[in-house]
Amino acid sequence: MRVSLTEEPIDLNEVVKISDSDSKAILISVGRSRKFSEQDTVQAVFYETYDEIARKILENLLIDATERFHLSDAVIVHRFGKIPLGDPAFVVAVYAQRQEDAFQACKFIVEEMVSELPVWKYETRAIR
C-alpha cells in the first residue's frame, strides 16, 4: 500500500508499475481537475490541504479498504497545488484477485476520499 501527495503531474503509467502484485484485477480511477463555477475564464484549480492530516486519512482509508475487500495492494496518488483543467488530480489503483472486490474497493476509496479528505479548492482565472 502506498499514499503519495505531490505537486508534480501524475504519471498514470508509473502508478500502475508500483505494485508487484500478481492480482488478476487491477482497477484504476482517475479524478480530473474541473471547474466548479460557470466562469469561462477558469484555467486551473488550486488544491490545498494539510499534508500530515491528509496522509494519515488516506493511509487509514487504504488499510480499511484492504481489509474489507481483500485487496493485495492499493495506491493513492493525490496532486495538490495548481492543476490545469482536465489534468489528473488523484489516482486510485487497487489490486485484487476478484474483479468485484476491485470495483467495490475503488468505489469505496474514491467516495470516502472525496467526503473525508480536507481539501480546499480555488479556481484560477485568466485576466481579461
# chains A, B, ... in the order shown; residues from 1 in each chain; ligands from 1

call {"tool": "select_by_dssp", "arguments": {"residues": "chain A", "states": "strand (DSSP E or B)", "output": "PyMOL selection string"}}
result
chain A and resi 2-6+25-32+42-48+71-79+81-84+88-96+120-125

call {"tool": "residues_around", "arguments": {"residues": "A:Gly86", "least_positions_apart": "2", "cutoff": "8 Å", "atoms": "only C-alpha atoms", "output": "VMD selection string"}}
result
chain A and resid 32 to 34 84 88

call {"tool": "atom_distance", "arguments": {"atom1": "atom CA of A:Phe90", "atom2": "atom CA of A:Asn60"}}
result
16.9 Å

call {"tool": "closest_residue", "arguments": {"among": "A:Ala105, A:Leu117, A:Glu14, A:Asp87", "to": "A:Gly31", "atoms": "only C-alpha atoms"}}
result
A:Asp87

call {"tool": "select_by_dssp", "arguments": {"residues": "stretch 9-120 of chain A", "states": "helix (DSSP H, G or I)", "output": "short mmCIF file (atom, residue, chain, number, x, y, z; two decimals) with C-alpha atoms, in the first residue's frame"}}
result
data_model
loop_
_atom_site.label_atom_id
_atom_site.label_comp_id
_atom_site.auth_asym_id
_atom_site.auth_seq_id
_atom_site.Cartn_x
_atom_site.Cartn_y
_atom_site.Cartn_z
CA LEU A 12 -0.50 7.08 -14.74
CA ASN A 13 1.97 4.50 -16.08
CA GLU A 14 4.16 4.90 -13.00
CA VAL A 15 1.20 4.44 -10.67
CA VAL A 16 0.37 1.08 -12.27
CA LYS A 17 4.02 -0.11 -12.24
CA ASP A 51 -0.20 17.15 4.27
CA GLU A 52 0.16 15.25 7.55
CA ILE A 53 -3.58 15.04 8.14
CA ALA A 54 -4.31 14.11 4.51
CA ARG A 55 -1.63 11.40 4.51
CA LYS A 56 -2.97 9.84 7.73
CA ILE A 57 -6.57 9.86 6.46
CA LEU A 58 -5.54 8.24 3.16
CA GLU A 59 -3.33 5.63 4.85
CA ASN A 60 -6.17 4.64 7.19
CA LEU A 61 -8.55 4.52 4.24
CA LEU A 62 -6.26 2.09 2.39
CA ILE A 63 -5.92 -0.11 5.47
CA ASP A 64 -9.72 -0.21 5.84
CA ALA A 65 -10.30 -0.95 2.14
CA THR A 66 -7.62 -3.65 2.08
CA GLU A 67 -9.28 -5.48 4.96
CA ARG A 68 -12.87 -5.03 3.72
CA PHE A 69 -12.28 -6.00 0.10
CA GLN A 99 -12.99 -8.08 -10.23
CA GLU A 100 -15.96 -7.47 -7.92
CA ASP A 101 -13.65 -6.79 -4.96
CA ALA A 102 -11.61 -4.35 -7.05
CA PHE A 103 -14.70 -2.45 -8.25
CA GLN A 104 -16.21 -2.20 -4.77
CA ALA A 105 -12.91 -1.18 -3.20
CA CYS A 106 -12.21 1.51 -5.77
CA LYS A 107 -15.70 2.97 -5.38
CA PHE A 108 -15.39 2.90 -1.59
CA ILE A 109 -11.98 4.59 -1.60
CA VAL A 110 -12.99 7.36 -4.00
CA GLU A 111 -16.25 8.11 -2.16
CA GLU A 112 -14.58 8.16 1.25
CA MET A 113 -11.68 10.23 -0.02
CA VAL A 114 -14.00 12.84 -1.53
CA SER A 115 -16.09 13.10 1.64
CA GLU A 116 -13.35 12.84 4.31
#

call {"tool": "atom_distance", "arguments": {"atom1": "atom CA of A:Ala44", "atom2": "atom CA of A:Val77"}}
result
18.8 Å

call {"tool": "closest_residue", "arguments": {"among": "A:Ile26, A:Leu85, A:Ala93, A:Val75", "to": "A:Val3", "atoms": "only C-alpha atoms"}}
result
A:Val75

call {"tool": "residues_around", "arguments": {"residues": "A:Thr124", "least_positions_apart": "4", "cutoff": "8 Å", "atoms": "only C-alpha atoms", "output": "list in words"}}
result
Val42, Gln43, Ala44, Val45 and Phe46 of chain A

call {"tool": "atom_distance", "arguments": {"atom1": "atom CA of A:Tyr95", "atom2": "atom CA of A:Arg79"}}
result
21.1 Å
